[in-house]
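Reviewing the structure listed below.
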Amino acid sequence: MTNIARIKLSNAQIAWRAAQDITDGAYVNLGIGFPEMVAQFQPEGRQAIFHSENGLLDFGPAPAAGEEDWDCINAGKKAVTIRPGSAIFHHADSFAMVRGRHLDVAILGAYEVAQSGDLANWSTGKDGIPAVGGAMDLVHGAKRVAVLTDHVTRKGAPKLVERCSLPLTGVGCVTRVYTSLAVVDIDAGRFVLREKLPEISVQDLQAVTGAQLYHEGPVADLIAPAL
Amino acid sequence: MTNIARIKLSNAQIAWRAAQDITDGAYVNLGIGFPEMVAQFQPEGRQAIFHSENGLLDFGPAPAAGEEDWDCINAGKKAVTIRPGSAIFHHADSFAMVRGRHLDVAILGAYEVAQSGDLANWSTGKDGIPAVGGAMDLVHGAKRVAVLTDHVTRKGAPKLVERCSLPLTGVGCVTRVYTSLAVVDIDAGRFVLREKLPEISVQDLQAVTGAQLYHEGPVADLIAPAL
Amino acid sequence: MDKRLASVTEAVSGIPDGATVMIGGFGGSGAPIELIHALIDHGAKGLTVVNNNAGNGHVGLAALIEQGQVDKLICSFPRGPSSEVFTERYRAGTILLELVPQGTLAERIRAGGAGIPAFYTPTSYGTDLAKGKPVAEFDGRMYVQERWLKADFALIKAEAADPHGNLTYRMTARNFNPIMAMASKTTIAQVTEIVDLGGIDPEQVITPGIFVDHVVEVATPQQEEVLNRAEAVYP
Amino acid sequence: MDKRLASVTEAVSGIPDGATVMIGGFGGSGAPIELIHALIDHGAKGLTVVNNNAGNGHVGLAALIEQGQVDKLICSFPRGPSSEVFTERYRAGTILLELVPQGTLAERIRAGGAGIPAFYTPTSYGTDLAKGKPVAEFDGRMYVQERWLKADFALIKAEAADPHGNLTYRMTARNFNPIMAMASKTTIAQVTEIVDLGGIDPEQVITPGIFVDHVVEVATPQQEEVLNRAEAVYP
């Protein structure tokens with residue numbers, strides 16, 4: 001079997017791949033952390049508008065260090081900037097946007113994704129401090145919910161599974177998973193392989209996936225620039 | 001029996017009497033039509049703030065004829081003015097104020113009021129065009145709901161009744177009725193007479209009231225200035 | 001990402017027969033007269049219209065009803081000083097009326113925009129307008145369950161827009177416009193002025209562009225009240 | 001009708017032991033640090049606090065928790081880069097936590113202010129956070145019933161106030177502040193500037209004065225983030 005730990009995509013490359021599917025003019029929410037990188041990789045000529053749960057639409061990049069205004073932050077509590085076209089609103093209005101299906105895409109991280117589209121990304125089920133934030137709203141709000149994730153855990157266990165073992169964030173909500181090895185759609189309760197790294201075989205991929213991987217027609221090569 | 005048609009209070013006098021019970025700083029909604037007059041009779045030194053359902057708080061008087069701005073109207077669709085301290089908001093926020101019990105007083109007209117506090121003021125039950133507006137929201141929203149009304153209909157029938165015969169606006173919502181002859185509280189399912197015109201007797205009043213009038217202690221004289 | 005359209009004609013051209021259309025305004029204030037008149041010219045029929053009122057005189061919503069384009073009206077107060085057009089059709093049985101208390105109408109629309117399929121309100125409990133609706137007790141008080149209200153299109157009037165669809169409103173012309181923008185699949189705003197991106201302070205945006213699909217400038221919008229005082233008739 | 005108070009000390013003096021207190025802010029942005037510190041000095045205990053987070057470092061909400069004044073926290077995200085104070089008390093079992101999804105928290109607060117005792121949301125359906133809550137199907141989809149959230153007091157931070165309590169907010173410091181003002185019996189706002197009546201354009205009022213009981217000027221408010229970078233400790 002190929003050593004997937006060596007050839008996998010970086011987080012930036014996964015984010016780059018997800019960015020290619022965002023259409024011009026889309027309203028997008030990016031989960032805190034690694035999904036935030038998606039904003040950096042918008043294809044030339046396309047302009048998405050990013051939503052932050054705390055009440056900010058169409059924000060600009062982080063200010064230079066030392067120039068932060070701590071009244072202007074994103075959902076990750078990092079300083080951002082406003083720009084021409086930004087809009088500010090309160091929390092109930094912000095989640096009206098989310099819950100009311102006004103966002104085109106939400107892109108989130110995951111602990112586990114099941115072939116049913118169930119997502120677990122808020123609690124490890126252990127005795128840490130439970131914290132949910134806006135994840136449960138986003139998964140039932142955005143028109144399309146995609147996940148960015150390593151294909152396996154640090155210990156090598158599959159993150160794409162038949163059934164989630166961790167507490168759920170949402171039921172049947174994810175429709176596409178961008179992993180470090182592949183792009184997998186969730187369709188009618190099945191994982192359908194759309195793209196994979198050319199260096200690995202379908203068999204390799206199946207070996208590190210916790211549920212049956214279907215494919216319909218050709219599986220495209222997943223090729224990302226060096227990032 | 002005294003001729004109550006001759007000695008009754010004018011609408012302006014009824015409105016004046018209701019205005020005496022509005023405390024300084026109270027947030028008040030006045031029903032369209034005759035209750036609107038209450039605003040003219042605020043006692044010296046007291047300042048109430050008036051709410052209009054269409055999304056305006058603390059508005060000023062009507063502009064001079066010819067100077068109307070039809071983007072600045074009240075719930076009766078009459079031109080009003082903004083003034084220092086006014087606030088404008090959308091309809092859902094406006095009724096959040098109403099339904100959320102932020103108004104201290106709503107003062108409405110009535111077809112009938114029952115001793116239970118039930119109010120009928122939106123439909124004559126005949127084949128007219130049914131129209132309800134904000135009345136049903138106001139009666140369950142304001143902390144105190146008072147009614148201004150002639151004591152009897154034009155045909156002389158009682159408007160204070162044991163049970164409403166017309167379609168209800170709200171159940172058990174009215175606590176005080178200012179009529180052309182008296183001030184009557186609704187307390188524990190009974191009409192309790194608080195004030196009456198000095199020219200008429202309790203017996204006279206009972207004769208034009210459709211339910212038992214109780215009184216606890218002395219009944220004060222209802223005396224309004226000539227208006 | 002440029003939501004500007006050149007004309008009200010273009011803006012309403014996609015509204016099909018049978019559509020549900022929310023129309024902003026409270027009486028004439030905030031009513032998108034030019035968009036409504038464009039909809040009359042466009043000719044879509046069998047419409048369900050959501051508005052607080054039923055129009056006045058022979059312009060705007062009243063004219064749309066008069067042209068026979070509206071099969072059903074969802075509103076709170078279809079009575080006015082000159083609402084004869086609706087009255088006549090209602091009496092003739094050629095238009096359906098769903099009467100909703102004003103605050104419930106506003107909240108149902110807001111719920112439609114906010115992804116809340118149902119909520120409980122004290123409003124209308126024990127009245128004819130609660131008939132057939134589920135009721136429930138919370139903390140010792142009775143409430144009526146109301147459902148969200150959504151539409152295919154919203155025709156709204158705003159003051160300023162930027163190319164991304166951020167909107168402001170003039171005085172009480174705000175009324176139902178912001179919530180209807182939230183509750184409709186396609187929201188079309190006629191605005192007095194389209195400003196450049198950045199021309200609206202982010203803190204002063206009332207309707208964020210995410211709720212708006214198209215903006216079209218109507219620099220000198222007509223006021224229903226003024227038209228009616230002049231006894232105007234459309235078309 | 002003058003809602004101005006002279007000091008934060010006076011503003012919080014009526015908060016009794018056992019009160020439910022909503023505290024505005026998202027992280028440190030919009031957090032009324034001076035009011036929270038006045039509440040620490042005041043010393044009310046056994047509080048239930050509603051906030052999106054659980055405080056950071058040893059100032060503001062974290063300091064209030066550290067002083068042992070908070071028995072229960074209702075929040076969505078009690079984890080942060082420096083939320084050790086809450087973590088420690090939670091692990092020790094000396095503070096209760098009600099965890100609520102962020103949008104549900106906001107909507108429950110808004111419902112409390114808007115007189116909506118319960119509503120349905122798709123959020124949390126099928127998860128541990130929906131356990132014990134009624135569910136219902138609308139239009140073929142399942143929803144969870146959530147209840148309103150109200151409080152005895154709200155401590156909020158705004159930018160400008162007039163004497164009637166009309167408020168504006170600075171950038172994303174708006175967050176939970178306007179809805180908490182709606183949902184509390186007594187709302188106390190610390191503001192950077194109190195302007196004369198008329199100093200706020202009626203169209204730009206974000207929180208109308210009807211939702212506000214007291215305003216107190218804190219001309220140079222502290223930012224939690226800045227305090228924490230300086231490793232500040234209160235008291």
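Chain labels follow the order of the structure tokens: the first chain is A, the next B, and so on; residue numbering restarts at 1 in every chain, and ligands are counted from 1 in their shown order.
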Would you give me, as JSON, numbers by chain, the residues of chain D that come within 7 Å of chain A, using only C-alpha atoms? {"D": [27, 29, 30, 76, 77, 78, 79, 87, 101, 102, 103, 106, 107, 110, 122, 123, 124, 125, 126, 127, 128, 170, 171, 172, 173, 174, 175, 176, 178, 225]}
Please tabulate, as a tab-separated table, the residues of chain D that come within 10 Å of chain C, each with its closest pair of atoms and the distance in Å to one decimal, counting only C-alpha atoms and ordering rows by chain, then residue number upward.
residue	atom	partner	partner_atom	distance
D:Glu107	CA	C:Ala114	CA	9.4
D:Ala111	CA	C:Phe119	CA	9.4
D:Ala114	CA	C:Glu107	CA	9.4
D:Gly115	CA	C:Thr121	CA	7.0
D:Ile116	CA	C:Thr121	CA	5.5
D:Pro117	CA	C:Tyr120	CA	6.2
D:Ala118	CA	C:Tyr120	CA	5.6
D:Phe119	CA	C:Phe119	CA	4.1
D:Tyr120	CA	C:Ala118	CA	5.6
D:Thr121	CA	C:Ile116	CA	5.5
D:Pro122	CA	C:Gly115	CA	7.9
D:Thr123	CA	C:Gly115	CA	9.8
D:Ala136	CA	C:Ala118	CA	9.8
D:Glu137	CA	C:Pro117	CA	9.4
D:Phe138	CA	C:Pro117	CA	6.7
D:Asp139	CA	C:Pro117	CA	8.6
D:Arg141	CA	C:Pro117	CA	9.6
D:Met142	CA	C:Pro117	CA	9.9
D:Tyr143	CA	C:Pro117	CA	8.2
D:Gln145	CA	C:Phe119	CA	8.8
D:Glu146	CA	C:Phe119	CA	9.5
D:Arg147	CA	C:Phe138	CA	9.1
D:Thr168	CA	C:Glu203	CA	8.8
D:Tyr169	CA	C:Glu203	CA	7.9
D:Arg170	CA	C:Glu203	CA	7.5
D:Met171	CA	C:Glu203	CA	6.3
D:Thr172	CA	C:Glu203	CA	8.8
D:Arg174	CA	C:Glu203	CA	9.2
D:Pro202	CA	C:Met171	CA	7.9
D:Glu203	CA	C:Met171	CA	6.3
D:Gln204	CA	C:Gln204	CA	6.3
D:Val205	CA	C:Gln204	CA	9.1
D:Ile206	CA	C:Gln204	CA	8.9
Can you measure CA of Ala154 in chain C to CA of Ala63 in chain C for me? One decimal in Å is fine. 17.6 Å
Point-to-point distance from CA of Gly189 in chain B to CA of Leu9 in chain B, Å rounded to tenths: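 Distance between the two atoms: 26.1 Å.
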Env of Ile188 in chain D: 12 Å cut, atoms = only C-alpha atoms, seq-sep filter 6 positions within chain, self excluded. Answer as a VMD selection string. chain D and resid 3 to 5 7 to 15 21 to 24 32 34 to 36 39 152 to 158 161 165 167 177 to 178 180 to 182 209 211 to 217
Apply DSSP to the backbone of this structure and, from range 4-222 of chain B, keep only the residues in alpha helix (DSSP H); write these as a PyMOL selection string. chain B and resi 4-7+11-19+91-99+135-139+202-207
Just the strand (DSSP E) stuff from range 134-233 of chain D, please, per backbone DSSP, written as an NGL selection string. :D and (135-138 or 141-147 or 151-161 or 167-168 or 184-194 or 214-217)
Can you work out which one of A:Pro225, A:Val147, A:Lys155, A:Leu181 has the shortest atom-to-atom distance to Gln13 in chain A, counting only C-alpha atoms?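 Closest candidate: A:Pro225.
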Show me, as a VMD selection string, the residues that have an atom within 12 Å of Val233 in chain C when counting only C-alpha atoms, minus same-chain residues fewer than 3 positions from it. chain C and resid 37 56 to 64 66 to 67 85 224 226 to 230
Generate a file of the selected residues that holds all heavy atoms, formatted as a tab-separated table (two decimals), in the first residue's frame.
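again.tsv was written with the following content:
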chain	number	residue	atom	x	y	z
C	37	HIS	N	-46.46	48.54	-11.13
C	37	HIS	CA	-46.97	48.90	-12.46
C	37	HIS	C	-46.27	48.11	-13.56
C	37	HIS	O	-46.89	47.72	-14.56
C	37	HIS	CB	-46.86	50.42	-12.68
C	37	HIS	CG	-47.83	51.20	-11.84
C	37	HIS	ND1	-47.86	52.57	-11.80
C	37	HIS	CD2	-48.83	50.79	-11.00
C	37	HIS	CE1	-48.82	52.97	-10.97
C	37	HIS	NE2	-49.42	51.91	-10.47
C	56	ASN	N	-55.21	51.17	-2.56
C	56	ASN	CA	-56.17	52.28	-2.53
C	56	ASN	C	-56.25	52.90	-3.91
C	56	ASN	O	-55.26	52.97	-4.62
C	56	ASN	CB	-55.70	53.34	-1.53
C	56	ASN	CG	-56.04	52.94	-0.10
C	56	ASN	OD1	-57.20	52.84	0.27
C	56	ASN	ND2	-55.01	52.68	0.68
C	57	GLY	N	-57.43	53.38	-4.26
C	57	GLY	CA	-57.61	54.05	-5.54
C	57	GLY	C	-57.44	53.09	-6.69
C	57	GLY	O	-57.90	51.93	-6.63
C	58	HIS	N	-56.75	53.56	-7.72
C	58	HIS	CA	-56.61	52.76	-8.95
C	58	HIS	C	-55.16	52.73	-9.42
C	58	HIS	O	-54.89	52.77	-10.62
C	58	HIS	CB	-57.54	53.32	-10.04
C	58	HIS	CG	-58.97	53.34	-9.61
C	58	HIS	ND1	-59.82	52.27	-9.76
C	58	HIS	CD2	-59.70	54.30	-8.97
C	58	HIS	CE1	-61.01	52.56	-9.26
C	58	HIS	NE2	-60.96	53.80	-8.77
C	59	VAL	N	-54.25	52.73	-8.47
C	59	VAL	CA	-52.82	52.63	-8.78
C	59	VAL	C	-52.21	51.57	-7.87
C	59	VAL	O	-52.84	51.14	-6.90
C	59	VAL	CB	-52.10	53.99	-8.56
C	59	VAL	CG1	-52.61	55.04	-9.54
C	59	VAL	CG2	-52.24	54.45	-7.11
C	60	GLY	N	-50.98	51.18	-8.17
C	60	GLY	CA	-50.26	50.26	-7.29
C	60	GLY	C	-51.02	48.95	-7.11
C	60	GLY	O	-51.56	48.39	-8.07
C	61	LEU	N	-51.04	48.45	-5.87
C	61	LEU	CA	-51.67	47.17	-5.58
C	61	LEU	C	-53.14	47.15	-6.00
C	61	LEU	O	-53.63	46.15	-6.53
C	61	LEU	CB	-51.52	46.85	-4.08
C	61	LEU	CG	-52.20	45.57	-3.59
C	61	LEU	CD1	-51.78	44.35	-4.38
C	61	LEU	CD2	-51.89	45.37	-2.10
C	62	ALA	N	-53.86	48.26	-5.76
C	62	ALA	CA	-55.27	48.30	-6.16
C	62	ALA	C	-55.41	48.08	-7.67
C	62	ALA	O	-56.31	47.35	-8.13
C	62	ALA	CB	-55.90	49.64	-5.76
C	63	ALA	N	-54.52	48.68	-8.45
C	63	ALA	CA	-54.57	48.51	-9.90
C	63	ALA	C	-54.26	47.07	-10.30
C	63	ALA	O	-54.88	46.51	-11.20
C	63	ALA	CB	-53.59	49.48	-10.58
C	64	LEU	N	-53.31	46.46	-9.60
C	64	LEU	CA	-52.96	45.05	-9.87
C	64	LEU	C	-54.17	44.15	-9.63
C	64	LEU	O	-54.45	43.23	-10.41
C	64	LEU	CB	-51.78	44.63	-8.97
C	64	LEU	CG	-51.16	43.27	-9.23
C	64	LEU	CD1	-50.41	43.24	-10.56
C	64	LEU	CD2	-50.20	42.89	-8.09
C	66	GLU	N	-57.28	45.26	-9.66
C	66	GLU	CA	-58.30	45.68	-10.64
C	66	GLU	C	-58.10	45.00	-12.00
C	66	GLU	O	-59.06	44.71	-12.72
C	66	GLU	CB	-58.25	47.20	-10.81
C	66	GLU	CG	-59.46	47.78	-11.52
C	66	GLU	CD	-59.63	49.27	-11.25
C	66	GLU	OE1	-58.60	49.96	-11.03
C	66	GLU	OE2	-60.78	49.75	-11.25
C	67	GLN	N	-56.84	44.73	-12.34
C	67	GLN	CA	-56.54	44.07	-13.61
C	67	GLN	C	-56.84	42.58	-13.57
C	67	GLN	O	-56.63	41.86	-14.54
C	67	GLN	CB	-55.07	44.27	-13.99
C	67	GLN	CG	-54.70	45.72	-14.29
C	67	GLN	CD	-55.52	46.32	-15.41
C	67	GLN	OE1	-55.66	45.73	-16.47
C	67	GLN	NE2	-56.13	47.48	-15.17
C	85	VAL	N	-61.67	48.84	-4.97
C	85	VAL	CA	-61.33	47.79	-5.94
C	85	VAL	C	-61.34	46.43	-5.27
C	85	VAL	O	-61.99	45.48	-5.75
C	85	VAL	CB	-59.95	48.08	-6.59
C	85	VAL	CG1	-59.43	46.85	-7.30
C	85	VAL	CG2	-60.07	49.24	-7.57
C	224	GLU	N	-48.08	56.62	-3.58
C	224	GLU	CA	-49.48	56.23	-3.76
C	224	GLU	C	-50.43	57.33	-3.29
C	224	GLU	O	-51.43	57.64	-3.94
C	224	GLU	CB	-49.75	54.93	-3.00
C	224	GLU	CG	-51.15	54.38	-3.22
C	224	GLU	CD	-51.43	53.19	-2.31
C	224	GLU	OE1	-51.03	52.08	-2.66
C	224	GLU	OE2	-52.07	53.39	-1.24
C	226	VAL	N	-50.03	60.53	-3.09
C	226	VAL	CA	-50.06	61.67	-4.01
C	226	VAL	C	-50.84	61.32	-5.28
C	226	VAL	O	-51.67	62.10	-5.76
C	226	VAL	CB	-48.62	62.12	-4.36
C	226	VAL	CG1	-48.62	63.19	-5.43
C	226	VAL	CG2	-47.89	62.59	-3.10
C	227	LEU	N	-50.60	60.12	-5.79
C	227	LEU	CA	-51.32	59.67	-6.99
C	227	LEU	C	-52.82	59.64	-6.72
C	227	LEU	O	-53.62	60.07	-7.55
C	227	LEU	CB	-50.84	58.27	-7.40
C	227	LEU	CG	-49.40	58.18	-7.93
C	227	LEU	CD1	-49.01	56.72	-8.15
C	227	LEU	CD2	-49.27	58.95	-9.25
C	228	ASN	N	-53.19	59.15	-5.55
C	228	ASN	CA	-54.62	59.02	-5.26
C	228	ASN	C	-55.29	60.37	-5.06
C	228	ASN	O	-56.46	60.55	-5.42
C	228	ASN	CB	-54.84	58.11	-4.06
C	228	ASN	CG	-54.72	56.64	-4.46
C	228	ASN	OD1	-54.94	56.30	-5.62
C	228	ASN	ND2	-54.36	55.80	-3.52
C	229	ARG	N	-54.55	61.32	-4.49
C	229	ARG	CA	-55.13	62.66	-4.35
C	229	ARG	C	-55.34	63.29	-5.72
C	229	ARG	O	-56.21	64.14	-5.90
C	229	ARG	CB	-54.22	63.53	-3.48
C	229	ARG	CG	-54.37	63.13	-2.02
C	229	ARG	CD	-53.35	63.77	-1.10
C	229	ARG	NE	-53.57	63.25	0.24
C	229	ARG	CZ	-53.74	63.99	1.32
C	229	ARG	NH1	-53.68	65.30	1.25
C	229	ARG	NH2	-53.96	63.43	2.49
C	230	ALA	N	-54.52	62.86	-6.69
C	230	ALA	CA	-54.69	63.36	-8.05
C	230	ALA	C	-55.63	62.46	-8.87
C	230	ALA	O	-55.78	62.63	-10.08
C	230	ALA	CB	-53.33	63.44	-8.74
Within 8 Å of Pro35 in chain A, counting only C-alpha atoms, which residues qualify if same-chain residues fewer than 5 places away don't, as a list in words?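 In the requested format, the answer is Ala15, Leu30, Ile107, Leu108, Gly109 and Leu148 of chain A.
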